[in-house]
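Visitor: File follows, protein.cif with mmCIF, C-alpha atoms:
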data_work
loop_
_atom_site.label_atom_id
_atom_site.label_comp_id
_atom_site.auth_asym_id
_atom_site.auth_seq_id
_atom_site.Cartn_x
_atom_site.Cartn_y
_atom_site.Cartn_z
CA MET A 104 178.75 56.11 76.84
CA VAL A 105 181.42 54.26 74.82
CA VAL A 106 184.82 53.23 76.19
CA ALA A 107 187.37 51.56 73.88
CA GLY A 108 184.68 50.68 71.39
CA ARG A 109 182.32 49.16 73.94
CA ALA A 110 179.10 50.67 75.23
CA TYR A 111 178.56 51.13 78.96
CA ALA A 112 175.55 52.37 80.84
CA ALA A 113 175.93 55.78 82.39
CA PRO A 114 175.88 55.60 86.19
CA ARG A 115 172.36 55.92 87.50
CA ALA A 116 171.87 58.93 89.75
CA GLY A 117 171.49 57.88 93.38
CA SER A 118 172.63 54.29 92.70
CA ARG A 119 172.81 52.06 95.77
CA LEU A 120 174.21 48.57 96.34
CA LEU A 121 173.47 46.30 99.31
CA VAL A 122 175.28 42.96 99.67
CA VAL A 123 173.54 40.45 101.97
CA PHE A 124 175.85 37.63 103.06
CA LEU A 125 174.15 34.46 104.38
CA ARG A 126 176.91 33.07 106.60
CA GLY A 127 176.87 29.35 107.23
CA ALA A 128 176.03 28.27 103.65
CA TYR A 129 172.28 28.26 103.08
CA ASP A 130 170.74 25.26 101.35
CA ALA A 131 169.89 26.97 98.08
CA ALA A 132 168.51 23.78 96.52
CA ASN A 133 165.62 23.78 99.00
CA ILE A 134 164.84 27.48 98.57
CA VAL A 135 165.10 27.90 94.81
CA ALA A 136 164.52 24.23 94.16
CA PRO A 137 165.01 22.34 90.89
CA THR A 138 161.65 20.59 91.32
CA GLY A 139 161.42 19.85 87.60
CA ALA A 140 164.30 17.35 87.90
CA ASP A 141 163.45 13.78 88.94
CA PHE A 142 166.96 13.51 90.37
CA TYR A 143 166.13 16.24 92.93
CA HIS A 144 163.25 14.23 94.37
CA GLN A 145 165.34 11.05 94.40
CA ALA A 146 168.21 12.81 96.19
CA ARG A 147 165.97 14.38 98.86
CA PRO A 148 163.27 11.87 99.79
CA THR A 149 162.43 13.43 103.18
CA ILE A 150 163.50 17.11 103.01
CA GLY A 151 162.88 17.90 99.34
CA LEU A 152 160.04 20.18 98.26
CA SER A 153 157.16 18.68 96.33
CA ARG A 154 156.36 19.59 92.76
CA PRO A 155 154.21 22.73 92.42
CA GLU A 156 150.48 22.24 92.98
CA PRO A 157 148.32 25.33 92.32
CA LEU A 158 145.73 24.41 94.98
CA ASP A 159 148.26 23.41 97.66
CA ALA A 160 149.39 26.33 99.82
CA ALA A 161 152.25 24.22 101.21
CA ALA A 162 153.66 23.50 97.75
CA PRO A 163 156.39 25.64 96.16
CA SER A 164 155.56 28.28 93.57
CA PRO A 165 156.77 27.58 90.02
CA LEU A 166 159.33 30.03 88.63
CA ASP A 167 159.70 28.24 85.32
CA ALA A 168 159.51 24.65 84.09
CA ASP A 169 162.60 23.64 86.09
CA TRP A 170 162.69 25.77 89.25
CA SER A 171 160.31 26.55 92.11
CA LEU A 172 160.38 28.95 95.06
CA HIS A 173 159.98 27.82 98.66
CA PRO A 174 156.41 28.36 99.96
CA ALA A 175 157.75 30.39 102.92
CA LEU A 176 158.65 33.14 100.41
CA ARG A 177 155.28 33.23 98.63
CA ASP A 178 154.03 36.41 100.32
CA SER A 179 157.33 38.29 100.69
CA ILE A 180 159.62 37.51 97.76
CA LEU A 181 157.44 36.00 95.04
CA PRO A 182 155.66 39.35 94.37
CA LEU A 183 159.05 40.87 93.47
CA TRP A 184 159.54 38.06 90.96
CA GLY A 185 156.18 38.93 89.43
CA LEU A 186 157.25 42.58 89.14
CA ARG A 187 160.50 41.47 87.46
CA GLN A 188 162.43 43.03 90.33
CA LEU A 189 164.12 39.76 91.28
CA ALA A 190 166.31 37.26 89.46
CA PHE A 191 167.96 34.09 90.68
CA ILE A 192 171.37 32.94 89.48
CA PRO A 193 171.74 29.17 89.97
CA PHE A 194 175.08 27.37 89.88
CA ALA A 195 176.78 30.45 91.34
CA GLY A 196 179.70 30.65 93.73
CA THR A 197 183.48 30.63 93.90
CA ASP A 198 186.30 28.42 92.67
CA ASP A 199 187.27 27.79 96.31
CA MET A 200 186.91 24.04 96.87
CA SER A 201 187.94 23.99 100.54
CA ARG A 202 184.35 23.63 101.82
CA SER A 203 185.55 25.57 104.85
CA HIS A 204 183.16 28.24 106.11
CA PHE A 205 185.97 30.52 107.18
CA GLU A 206 188.25 30.13 104.18
CA THR A 207 185.43 30.51 101.65
CA GLN A 208 183.86 33.45 103.46
CA ASP A 209 187.26 35.12 103.32
CA THR A 210 187.52 34.23 99.63
CA ILE A 211 184.26 36.03 98.89
CA GLU A 212 184.97 39.07 101.03
CA LEU A 213 188.47 39.54 99.64
CA GLY A 214 187.44 38.98 96.00
CA GLN A 215 190.98 37.94 95.11
CA PRO A 216 192.13 34.98 92.99
CA VAL A 217 192.11 31.64 94.81
CA GLY A 218 195.50 30.01 95.22
CA GLY A 219 197.60 33.15 95.25
CA HIS A 220 198.80 35.38 98.06
CA ARG A 221 195.88 36.76 100.09
CA ASP A 222 195.97 40.43 101.00
CA TYR A 223 193.74 40.64 104.06
CA GLY A 224 194.03 44.41 103.93
CA SER A 225 192.10 44.67 100.67
CA GLY A 226 188.42 43.67 100.72
CA PHE A 227 186.42 43.95 97.51
CA MET A 228 183.87 46.45 98.86
CA ALA A 229 186.68 48.68 100.13
CA ARG A 230 188.16 48.60 96.63
CA LEU A 231 184.76 49.42 95.14
CA ALA A 232 184.37 52.35 97.54
CA THR A 233 187.79 53.64 96.47
CA ILE A 234 186.88 53.30 92.78
CA LEU A 235 183.61 55.19 93.28
CA GLY A 236 185.49 57.99 95.02
CA ARG A 237 184.34 60.89 97.14
CA ASN A 238 180.67 60.65 96.25
CA ASP A 239 180.43 57.15 97.71
CA ARG A 240 178.97 56.68 101.21
CA PRO A 241 179.67 53.15 102.51
CA ILE A 242 178.42 51.44 105.70
CA ALA A 243 178.50 47.95 107.23
CA PHE A 244 175.50 46.77 109.25
CA THR A 245 177.68 44.46 111.32
CA ASP A 246 179.04 44.15 114.85
CA GLN A 247 182.60 44.67 113.60
CA LEU A 248 183.91 46.00 110.31
CA PRO A 249 183.74 43.04 107.90
CA LEU A 250 186.71 41.82 105.93
CA CYS A 251 185.17 43.04 102.66
CA PHE A 252 185.55 46.65 103.87
CA HIS A 253 189.16 46.31 105.05
CA GLY A 254 191.71 48.54 103.37
CA GLY A 255 189.60 51.46 102.25
CA VAL A 256 191.03 54.92 101.80
CA ASN A 257 188.50 56.39 104.23
CA PRO A 258 187.14 54.76 107.41
CA VAL A 259 183.82 52.92 106.96
CA PRO A 260 181.24 53.15 109.76
CA ASN A 261 179.58 50.00 111.06
CA LEU A 262 176.25 49.72 112.85
CA ALA A 263 175.52 46.55 114.82
CA LEU A 264 172.09 45.00 114.48
CA ALA A 265 170.40 43.39 117.49
CA ASN A 266 170.86 39.61 117.32
CA VAL A 267 167.50 38.19 118.29
CA GLY A 268 167.21 34.52 119.18
CA LYS A 269 165.30 32.17 121.49
CA PRO A 270 167.07 30.05 124.11
CA ILE A 271 166.22 26.35 124.41
CA ASP A 272 163.18 25.82 126.58
CA ALA A 273 164.17 23.30 129.28
CA CYS A 274 160.68 23.24 130.80
CA MET A 275 159.37 20.55 128.45
CA ALA A 276 162.41 18.36 129.09
CA GLY A 277 161.75 18.61 132.83
CA LEU A 278 158.12 17.65 132.43
CA ILE A 279 159.00 14.59 130.35
CA ALA A 280 161.65 13.49 132.84
CA ALA A 281 159.16 13.82 135.69
CA MET A 282 156.79 11.42 133.94
CA TYR A 283 159.36 8.61 134.28
CA GLN A 284 160.73 9.51 137.70
CA ASP A 285 159.29 6.39 139.39
CA ASP A 286 160.72 3.91 136.87
CA PRO A 287 164.46 3.42 137.48
CA LEU A 288 165.16 1.95 134.04
CA LEU A 289 163.21 4.52 132.06
CA ARG A 290 164.38 7.35 134.30
CA GLY A 291 168.00 6.56 133.48
CA ALA A 292 167.28 6.14 129.77
CA VAL A 293 165.42 9.45 129.59
CA ALA A 294 168.16 11.26 131.50
CA GLU A 295 170.83 9.78 129.24
CA GLY A 296 168.79 10.69 126.14
CA PHE A 297 168.51 14.32 127.21
CA GLN A 298 172.21 14.42 128.05
CA VAL A 299 173.12 13.14 124.58
CA ARG A 300 170.66 15.58 123.01
CA ASP A 301 172.16 18.51 124.90
CA THR A 302 175.70 17.48 124.02
CA VAL A 303 174.86 17.22 120.33
CA TYR A 304 172.92 20.48 120.43
CA GLN A 305 175.78 22.36 122.04
CA ALA A 306 178.23 20.98 119.48
CA LEU A 307 175.99 21.93 116.57
CA GLN A 308 175.21 25.35 118.05
CA GLY A 309 178.90 25.96 118.52
CA GLU A 310 179.61 25.08 114.89
CA MET A 311 176.72 27.21 113.63
CA ALA A 312 177.77 30.16 115.79
CA ALA A 313 181.33 29.86 114.52
CA ALA A 314 180.16 29.61 110.92
CA SER A 315 177.99 32.69 111.42
CA ARG A 316 180.95 34.76 112.71
CA GLY A 317 178.75 36.93 114.88
CA ALA A 318 176.29 37.73 112.09
CA VAL A 319 172.80 38.82 113.03
CA SER A 320 170.17 36.06 113.06
CA ALA A 321 167.49 35.89 110.37
CA LYS A 322 164.96 37.10 112.95
CA GLY A 323 167.28 39.94 113.89
CA PHE A 324 167.59 40.88 110.24
CA GLU A 325 163.82 40.81 109.82
CA LEU A 326 163.41 43.20 112.74
CA SER A 327 166.19 45.52 111.53
CA ALA A 328 165.80 45.52 107.74
CA ARG A 329 163.41 48.48 107.66
CA ARG A 330 165.98 50.52 109.55
CA ILE A 331 168.59 49.52 106.96
CA GLY A 332 166.25 50.67 104.19
CA THR A 333 165.59 54.01 105.85
CA VAL A 334 169.28 54.66 106.56
CA MET A 335 170.33 53.74 103.01
CA ARG A 336 167.57 55.84 101.46
CA ASP A 337 168.71 58.96 103.27
CA ARG A 338 172.44 58.61 103.85
CA PHE A 339 174.34 55.62 102.40
CA ASP A 340 174.71 54.02 98.99
CA LEU A 341 177.14 51.10 99.47
CA ALA A 342 176.29 48.66 102.27
CA PHE A 343 176.96 45.18 103.61
CA VAL A 344 175.02 43.06 106.10
CA ASP A 345 175.58 39.47 107.16
CA VAL A 346 172.91 37.07 108.40
CA GLY A 347 173.86 33.86 110.23
CA GLY A 348 172.27 30.55 111.13
CA TRP A 349 172.35 28.63 107.82
CA ASP A 350 174.56 25.64 108.67
CA THR A 351 171.82 22.98 108.59
CA HIS A 352 173.47 19.59 109.09
CA VAL A 353 170.58 18.12 111.11
CA ASP A 354 166.77 18.30 110.78
CA GLN A 355 166.73 21.27 108.43
CA GLY A 356 163.16 20.50 107.33
CA GLY A 357 161.49 20.85 103.97
CA ALA A 358 158.38 22.93 103.30
CA THR A 359 158.27 23.53 107.07
CA GLY A 360 160.88 23.35 109.80
CA TYR A 361 164.07 25.14 110.77
CA LEU A 362 165.24 26.27 107.33
CA ALA A 363 161.72 27.28 106.30
CA ASP A 364 161.40 29.48 109.39
CA ARG A 365 164.76 31.17 108.75
CA ILE A 366 164.09 31.81 105.08
CA ALA A 367 160.66 33.22 105.92
CA GLU A 368 162.32 35.69 108.29
CA LEU A 369 164.88 36.63 105.64
CA GLY A 370 162.13 37.11 103.05
CA ARG A 371 160.06 39.33 105.30
CA GLY A 372 163.18 41.33 106.14
CA LEU A 373 164.02 41.91 102.48
CA ALA A 374 160.42 42.87 101.71
CA GLY A 375 160.54 45.31 104.63
CA PHE A 376 163.76 46.79 103.28
CA VAL A 377 162.12 47.37 99.89
CA ASP A 378 159.14 49.03 101.53
CA ALA A 379 161.25 51.25 103.79
CA ILE A 380 163.67 52.46 101.13
CA GLY A 381 160.69 53.69 99.11
CA PRO A 382 159.78 53.50 95.40
CA ALA A 383 162.07 56.31 94.23
CA ALA A 384 165.25 54.97 95.86
CA TRP A 385 164.33 51.35 95.08
CA ARG A 386 164.43 52.11 91.34
CA THR A 387 168.18 52.71 91.55
CA THR A 388 169.02 50.14 94.26
CA THR A 389 170.50 46.68 93.70
CA VAL A 390 170.54 43.98 96.38
CA VAL A 391 172.76 40.91 95.95
CA VAL A 392 172.23 37.92 98.27
CA VAL A 393 175.19 35.53 98.46
CA SER A 394 176.44 32.67 100.64
CA GLU A 395 179.90 31.15 100.92
CA PHE A 396 178.87 27.88 99.26
CA GLY A 397 175.88 25.65 98.70
CA ARG A 398 175.23 22.31 100.35
CA THR A 399 175.31 18.68 99.31
CA PHE A 400 172.64 17.90 96.76
CA ARG A 401 171.68 14.69 98.50
CA GLU A 402 170.28 14.87 102.01
CA ASN A 403 172.37 13.21 104.71
CA GLY A 404 171.35 10.57 107.26
CA ASP A 405 170.29 13.23 109.76
CA ARG A 406 167.74 14.79 107.39
CA GLY A 407 170.05 17.71 106.76
CA THR A 408 172.74 18.69 104.29
CA ASP A 409 176.50 19.07 104.51
CA HIS A 410 179.05 21.51 103.11
CA GLY A 411 178.84 21.73 99.34
CA HIS A 412 179.93 23.98 96.49
CA GLY A 413 177.57 25.72 94.04
CA SER A 414 174.71 27.86 95.32
CA VAL A 415 171.88 30.08 94.06
CA TYR A 416 172.41 33.84 94.40
CA TRP A 417 169.69 36.47 94.36
CA VAL A 418 169.71 39.84 92.60
CA MET A 419 166.95 42.32 93.46
CA GLY A 420 166.23 45.88 92.41
CA GLY A 421 163.53 48.28 91.34
CA GLY A 422 165.17 48.84 87.97
CA LEU A 423 166.04 45.20 87.36
CA SER A 424 165.19 43.19 84.27
CA GLY A 425 164.30 40.18 86.38
CA GLY A 426 161.58 37.62 86.70
CA ARG A 427 163.93 34.97 85.31
CA MET A 428 166.65 32.48 86.12
CA ALA A 429 169.84 34.09 84.85
CA GLY A 430 173.24 32.71 83.98
CA GLU A 431 174.47 29.39 82.64
CA GLN A 432 172.58 26.26 83.67
CA VAL A 433 172.95 22.52 83.28
CA ALA A 434 170.41 19.70 83.53
CA LEU A 435 170.75 18.15 86.97
CA SER A 436 171.80 14.53 87.25
CA GLU A 437 174.39 12.56 89.14
CA ALA A 438 176.72 13.01 86.17
CA THR A 439 176.51 16.81 86.25
CA LEU A 440 177.10 17.24 89.98
CA ASN A 441 180.44 18.60 91.15
CA GLN A 442 182.42 15.60 92.47
CA GLN A 443 179.10 13.67 92.42
CA ARG A 444 177.87 15.59 95.47
CA ASP A 445 177.23 19.33 94.92
CA LEU A 446 175.90 21.84 92.46
CA PRO A 447 178.71 22.90 90.11
CA VAL A 448 179.72 26.56 89.88
CA LEU A 449 179.03 27.95 86.41
CA THR A 450 178.81 31.66 87.33
CA ASP A 451 181.69 33.09 89.34
CA TYR A 452 180.47 35.54 91.98
CA ARG A 453 183.15 38.06 91.04
CA ALA A 454 182.08 38.01 87.41
CA LEU A 455 178.44 38.40 88.51
CA ILE A 456 179.02 41.31 90.90
CA GLY A 457 181.55 42.84 88.55
CA GLY A 458 179.01 42.85 85.74
CA LEU A 459 176.34 44.35 87.97
CA VAL A 460 178.45 47.22 89.33
CA GLN A 461 179.90 47.88 85.88
CA ARG A 462 176.40 48.53 84.58
CA GLN A 463 175.08 50.26 87.68
CA PHE A 464 177.97 52.65 88.23
CA GLY A 465 179.22 52.94 84.63
CA LEU A 466 182.68 51.55 85.39
CA SER A 467 185.32 50.88 82.76
CA GLU A 468 186.87 47.45 82.27
CA ALA A 469 190.12 48.76 83.75
CA ARG A 470 188.36 49.69 86.97
CA ILE A 471 186.54 46.37 87.13
CA ALA A 472 189.91 44.66 86.67
CA SER A 473 191.21 46.46 89.75
CA LEU A 474 188.07 45.47 91.65
CA PHE A 475 188.24 41.77 90.75
CA PRO A 476 191.69 40.88 89.37
CA GLN A 477 191.92 38.13 86.72
CA VAL A 478 188.14 37.94 86.23
CA ARG A 479 186.12 39.32 83.33
CA PRO A 480 182.76 40.85 84.33
CA GLN A 481 179.73 38.94 83.15
CA ASP A 482 176.80 41.00 81.94
CA LEU A 483 173.60 39.01 82.52
CA HIS A 484 171.54 41.97 81.25
CA LEU A 485 169.89 42.43 84.64
CA ILE A 486 170.55 46.18 84.76
#
As structure tokens, how would this structure be written, given the file I've shared?

Guide:
Amino acid sequence: MVVAGRAYAAPRAGSRLLVVFLRGAYDAANIVAPTGADFYHQARPTIGLSRPEPLDAAAPSPLDADWSLHPALRDSILPLWGLRQLAFIPFAGTDDMSRSHFETQDTIELGQPVGGHRDYGSGFMARLATILGRNDRPIAFTDQLPLCFHGGVNPVPNLALANVGKPIDACMAGLIAAMYQDDPLLRGAVAEGFQVRDTVYQALQGEMAAASRGAVSAKGFELSARRIGTVMRDRFDLAFVDVGGWDTHVDQGGATGYLADRIAELGRGLAGFVDAIGPAAWRTTTVVVVSEFGRTFRENGDRGTDHGHGSVYWVMGGGLSGGRMAGEQVALSEATLNQQRDLPVLTDYRALIGGLVQRQFGLSEARIASLFPQVRPQDLHLI
């Protein structure tokens, strides 16, 4: 159809949108990694991924000459890339420079201009549900109704997902301590070492739990994603789920380790969602994976990464024109980093999501303007 001289896609029958929010700021540069840049390998000497090697199962998979996908996603997510049902948008994020988990998460969920008055009673998914009208069926797969669904005309149901996690195993610590029980000097040193370790762990766990805001763990998402797919296929067409555990300041790992395990769980969960929703519904479904910000481009002294700025977002869908890195890019070097520390933001998340829903639901520019004020939608020709 044509509105004010501009062509828009007619809304696809049975269109569905799922937003997956990775709370805690996932390290995008080690998942969709710029392995073609020498600067990447210099900046991450211990946690960075290697360059692609066809015969090395532990090496990342090349996406193009510049970017590679983490090996933990080879079996779950890479096939969707090959089917052109997945695109990555590097240098994506917000213009919020606070580097605060809470403030930037609120920024994304509200979808309002940074720096102005914040209306906490108007989340962007609630506004989208209002725009779509009576035919829309929204749901949040969260413990409590998320901020993005605040302020809707009609109440939005929420369904909590089981948060699955493993407690710290103290058995091994006890065995090690017992080995040095007869040596007073070593016994004290070992005891002090474990005390320091536990103190640090509790502090980091507390920060990660706070950053996650009660979101389901990646393992919990993996175990629940098929249920999300089934429920959305049969009953709902606008959904939100948050997944926590991405605040990796210490020992995040590279090709293996903590982050690799979490991203593998996320990948298997998303693949399970695709399988459960079924081929027919998947053709008209779009999944957008976002995080509040990226992380520092250089690794820190604890073999982790700290709060950053730009990230890499994912867009998935059965009717997508994917299999490519979409959006504006820049060659990575110290000179092109934001404040000499993070990925810059070249694609605003509101422009990205606005462009996607404009195409998917056939929305006019006026309606997109009410969804994301002061931002023009960006059509990356993914739908």

Visitor: Which residues of segment 363-434 of chain A come within 12 Å of segment 443-457 of chain A, and what is each one's closest atom pair and distance in Å (one decimal), counting only C-alpha atoms, sorted by chain and residue number, as a Markdown table?

Guide:
| residue | atom | partner | partner_atom | distance |
| --- | --- | --- | --- | --- |
| A:Thr389 | CA | A:Ile456 | CA | 10.5 |
| A:Val390 | CA | A:Ile456 | CA | 10.4 |
| A:Val391 | CA | A:Ile456 | CA | 8.1 |
| A:Val392 | CA | A:Ile456 | CA | 10.6 |
| A:Val393 | CA | A:Tyr452 | CA | 8.4 |
| A:Ser394 | CA | A:Tyr452 | CA | 10.0 |
| A:Glu395 | CA | A:Tyr452 | CA | 10.0 |
| A:Phe396 | CA | A:Val448 | CA | 9.5 |
| A:Gly397 | CA | A:Leu446 | CA | 7.3 |
| A:Arg398 | CA | A:Asp445 | CA | 6.5 |
| A:Thr399 | CA | A:Asp445 | CA | 4.8 |
| A:Phe400 | CA | A:Asp445 | CA | 5.1 |
| A:Arg401 | CA | A:Arg444 | CA | 7.0 |
| A:Glu402 | CA | A:Arg444 | CA | 10.0 |
| A:Asn403 | CA | A:Arg444 | CA | 11.0 |
| A:Thr408 | CA | A:Asp445 | CA | 10.4 |
| A:Asp409 | CA | A:Asp445 | CA | 9.6 |
| A:His410 | CA | A:Asp445 | CA | 8.7 |
| A:Gly411 | CA | A:Asp445 | CA | 5.3 |
| A:His412 | CA | A:Asp445 | CA | 5.6 |
| A:Gly413 | CA | A:Leu446 | CA | 4.5 |
| A:Ser414 | CA | A:Leu446 | CA | 6.8 |
| A:Val415 | CA | A:Leu446 | CA | 9.3 |
| A:Tyr416 | CA | A:Tyr452 | CA | 8.6 |
| A:Trp417 | CA | A:Leu455 | CA | 10.7 |
| A:Val418 | CA | A:Ile456 | CA | 9.6 |
| A:Ala429 | CA | A:Thr450 | CA | 9.6 |
| A:Gly430 | CA | A:Thr450 | CA | 6.6 |
| A:Glu431 | CA | A:Leu449 | CA | 6.1 |
| A:Gln432 | CA | A:Leu449 | CA | 7.2 |
| A:Val433 | CA | A:Leu449 | CA | 8.7 |
| A:Ala434 | CA | A:Leu446 | CA | 10.7 |

Visitor: Starting from the shown file, work through the PyMOL selection byres ((chain A and resi 168) around 10) and note down what comes out as a list in words.

Guide: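 Answer for the PyMOL selection byres ((chain A and resi 168) around 10): Pro137, Thr138, Gly139, Ala140, Pro165, Leu166, Asp167, Asp169, Trp170 and Ser171 of chain A.
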
Visitor: What residues come out when you apply the PyMOL selection byres ((chain A and resi 180) around 12) to this file, written as number ranges by chain?

Guide: A: 134-135, 164, 166, 172-179, 181-191, 366-377, 417-420, 426

Visitor: Separation of atom CA of Arg202 of chain A and atom CA of Gly407 of chain A, in Å?

Guide: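 Atom-to-atom, atom CA of Arg202 of chain A to atom CA of Gly407 of chain A, that is 16.2 Å.
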
Visitor: Just checking: using only C-alpha atoms, which residue out of A:Arg119, A:Arg470, A:Arg406, A:His484 ends up closest to Pro148 of chain A?

Guide: A:Arg406

Visitor: Could you jot down the atom CA of Leu125 of chain A to atom CA of Gly347 of chain A separation for me, Å, one decimal place?

Guide: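 So the two atoms, atom CA of Leu125 of chain A and atom CA of Gly347 of chain A, lie 5.9 Å apart.
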
Visitor: Would you please work out which residue, of A:Pro249, A:Gly332, A:Gly360, A:Gly323, is nearest to Gly151 of chain A when using all atoms listed in the file?

Guide: A:Gly360

Visitor: To one decimal place, how far is atom CA of Gly458 of chain A from atom CA of Leu262 of chain A in Å?

Guide: 28.1 Å

Visitor: When you count only C-alpha atoms, which of these residues is closest to Asp350 of chain A: A:Ala232, A:Met428, A:Leu362, A:Val478?

Guide: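 Result for the nearest residue to Asp350 of chain A: A:Leu362.
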
Visitor: Find the residues around segment 222-225 of chain A up to 12 Å (all atoms listed in the file counted), leave out those fewer than 6 positions away in its own chain, and share them as a PyMOL selection string.

Guide: chain A and resi 206+209-216+231-233+249-256+473-476

Visitor: Using all atoms listed in the file, which of the listed residues (A:Leu120, A:Ser436, A:Thr207, A:Ala342) sits closest to Gln461 of chain A?

Guide: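 Counting all atoms listed in the file, the residue closest to Gln461 of chain A is A:Leu120.
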
Visitor: Applied to the shown file, which residues does the PyMOL selection byres ((chain A and resi 261) around 8) return, written as an NGL selection string?

Guide: :A and (242-248 or 259-260 or 262-263)

Visitor: Compare A:Asp159, A:Asp378, A:Asp364, A:Asp198 by their minimum atom-to-atom distance to Ile331 of chain A, counting all atoms listed in the file, and give me the closest one.

Guide: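 Ranked by minimum distance to Ile331 of chain A, first place goes to A:Asp378.
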
Visitor: May I ask which of the residues A:Arg240, A:Arg126, A:Gly421, A:Ser203 is the closest one to Gly348 of chain A, counting only C-alpha atoms?

Guide: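 Of A:Arg240, A:Arg126, A:Gly421, A:Ser203, the one nearest Gly348 of chain A, counting only C-alpha atoms, is A:Arg126.
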
Visitor: Complete the atoms of segment 191-210 of chain A to N, CA and C atoms and put them out as a PDB file, in the frame of the given file.

Guide:
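Here's the written file part.pdb:
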ATOM      1  N   PHE A 191     167.127  35.065  89.988  1.00  0.00           N
ATOM      2  CA  PHE A 191     167.960  34.090  90.680  1.00  0.00           C
ATOM      3  C   PHE A 191     169.036  33.597  89.728  1.00  0.00           C
ATOM      4  N   ILE A 192     170.241  33.424  90.273  1.00  0.00           N
ATOM      5  CA  ILE A 192     171.370  32.940  89.480  1.00  0.00           C
ATOM      6  C   ILE A 192     171.791  31.597  90.062  1.00  0.00           C
ATOM      7  N   PRO A 193     171.333  30.488  89.464  1.00  0.00           N
ATOM      8  CA  PRO A 193     171.740  29.170  89.970  1.00  0.00           C
ATOM      9  C   PRO A 193     173.160  28.835  89.549  1.00  0.00           C
ATOM     10  N   PHE A 194     173.720  27.816  90.188  1.00  0.00           N
ATOM     11  CA  PHE A 194     175.080  27.370  89.880  1.00  0.00           C
ATOM     12  C   PHE A 194     176.081  28.510  90.031  1.00  0.00           C
ATOM     13  N   ALA A 195     175.906  29.306  91.083  1.00  0.00           N
ATOM     14  CA  ALA A 195     176.780  30.450  91.340  1.00  0.00           C
ATOM     15  C   ALA A 195     177.670  30.161  92.548  1.00  0.00           C
ATOM     16  N   GLY A 196     178.817  30.812  92.590  1.00  0.00           N
ATOM     17  CA  GLY A 196     179.700  30.650  93.730  1.00  0.00           C
ATOM     18  C   GLY A 196     181.132  31.014  93.400  1.00  0.00           C
ATOM     19  N   THR A 197     182.058  30.341  94.048  1.00  0.00           N
ATOM     20  CA  THR A 197     183.480  30.630  93.900  1.00  0.00           C
ATOM     21  C   THR A 197     184.205  29.402  93.355  1.00  0.00           C
ATOM     22  N   ASP A 198     185.479  29.574  93.039  1.00  0.00           N
ATOM     23  CA  ASP A 198     186.300  28.420  92.670  1.00  0.00           C
ATOM     24  C   ASP A 198     187.072  27.880  93.864  1.00  0.00           C
ATOM     25  N   ASP A 199     186.679  28.293  95.066  1.00  0.00           N
ATOM     26  CA  ASP A 199     187.270  27.790  96.310  1.00  0.00           C
ATOM     27  C   ASP A 199     186.631  26.432  96.616  1.00  0.00           C
ATOM     28  N   MET A 200     187.418  25.387  96.632  1.00  0.00           N
ATOM     29  CA  MET A 200     186.910  24.040  96.870  1.00  0.00           C
ATOM     30  C   MET A 200     187.209  23.529  98.274  1.00  0.00           C
ATOM     31  N   SER A 201     187.563  24.423  99.187  1.00  0.00           N
ATOM     32  CA  SER A 201     187.940  23.990 100.540  1.00  0.00           C
ATOM     33  C   SER A 201     186.762  23.475 101.346  1.00  0.00           C
ATOM     34  N   ARG A 202     185.566  23.930 101.037  1.00  0.00           N
ATOM     35  CA  ARG A 202     184.350  23.630 101.820  1.00  0.00           C
ATOM     36  C   ARG A 202     184.501  24.054 103.278  1.00  0.00           C
ATOM     37  N   SER A 203     185.379  24.992 103.520  1.00  0.00           N
ATOM     38  CA  SER A 203     185.550  25.570 104.850  1.00  0.00           C
ATOM     39  C   SER A 203     184.775  26.879 104.928  1.00  0.00           C
ATOM     40  N   HIS A 204     183.902  26.986 105.951  1.00  0.00           N
ATOM     41  CA  HIS A 204     183.160  28.240 106.110  1.00  0.00           C
ATOM     42  C   HIS A 204     184.098  29.434 106.109  1.00  0.00           C
ATOM     43  N   PHE A 205     185.131  29.351 106.939  1.00  0.00           N
ATOM     44  CA  PHE A 205     185.970  30.520 107.180  1.00  0.00           C
ATOM     45  C   PHE A 205     186.801  30.866 105.949  1.00  0.00           C
ATOM     46  N   GLU A 206     187.408  29.857 105.338  1.00  0.00           N
ATOM     47  CA  GLU A 206     188.250  30.130 104.180  1.00  0.00           C
ATOM     48  C   GLU A 206     187.415  30.673 103.018  1.00  0.00           C
ATOM     49  N   THR A 207     186.222  30.078 102.800  1.00  0.00           N
ATOM     50  CA  THR A 207     185.430  30.510 101.650  1.00  0.00           C
ATOM     51  C   THR A 207     184.752  31.845 101.914  1.00  0.00           C
ATOM     52  N   GLN A 208     184.364  32.115 103.147  1.00  0.00           N
ATOM     53  CA  GLN A 208     183.860  33.450 103.460  1.00  0.00           C
ATOM     54  C   GLN A 208     184.938  34.496 103.203  1.00  0.00           C
ATOM     55  N   ASP A 209     186.164  34.194 103.600  1.00  0.00           N
ATOM     56  CA  ASP A 209     187.260  35.120 103.320  1.00  0.00           C
ATOM     57  C   ASP A 209     187.464  35.282 101.816  1.00  0.00           C
ATOM     58  N   THR A 210     187.370  34.170 101.087  1.00  0.00           N
ATOM     59  CA  THR A 210     187.520  34.230  99.630  1.00  0.00           C
ATOM     60  C   THR A 210     186.544  35.223  99.026  1.00  0.00           C
TER      61      THR A 210
END
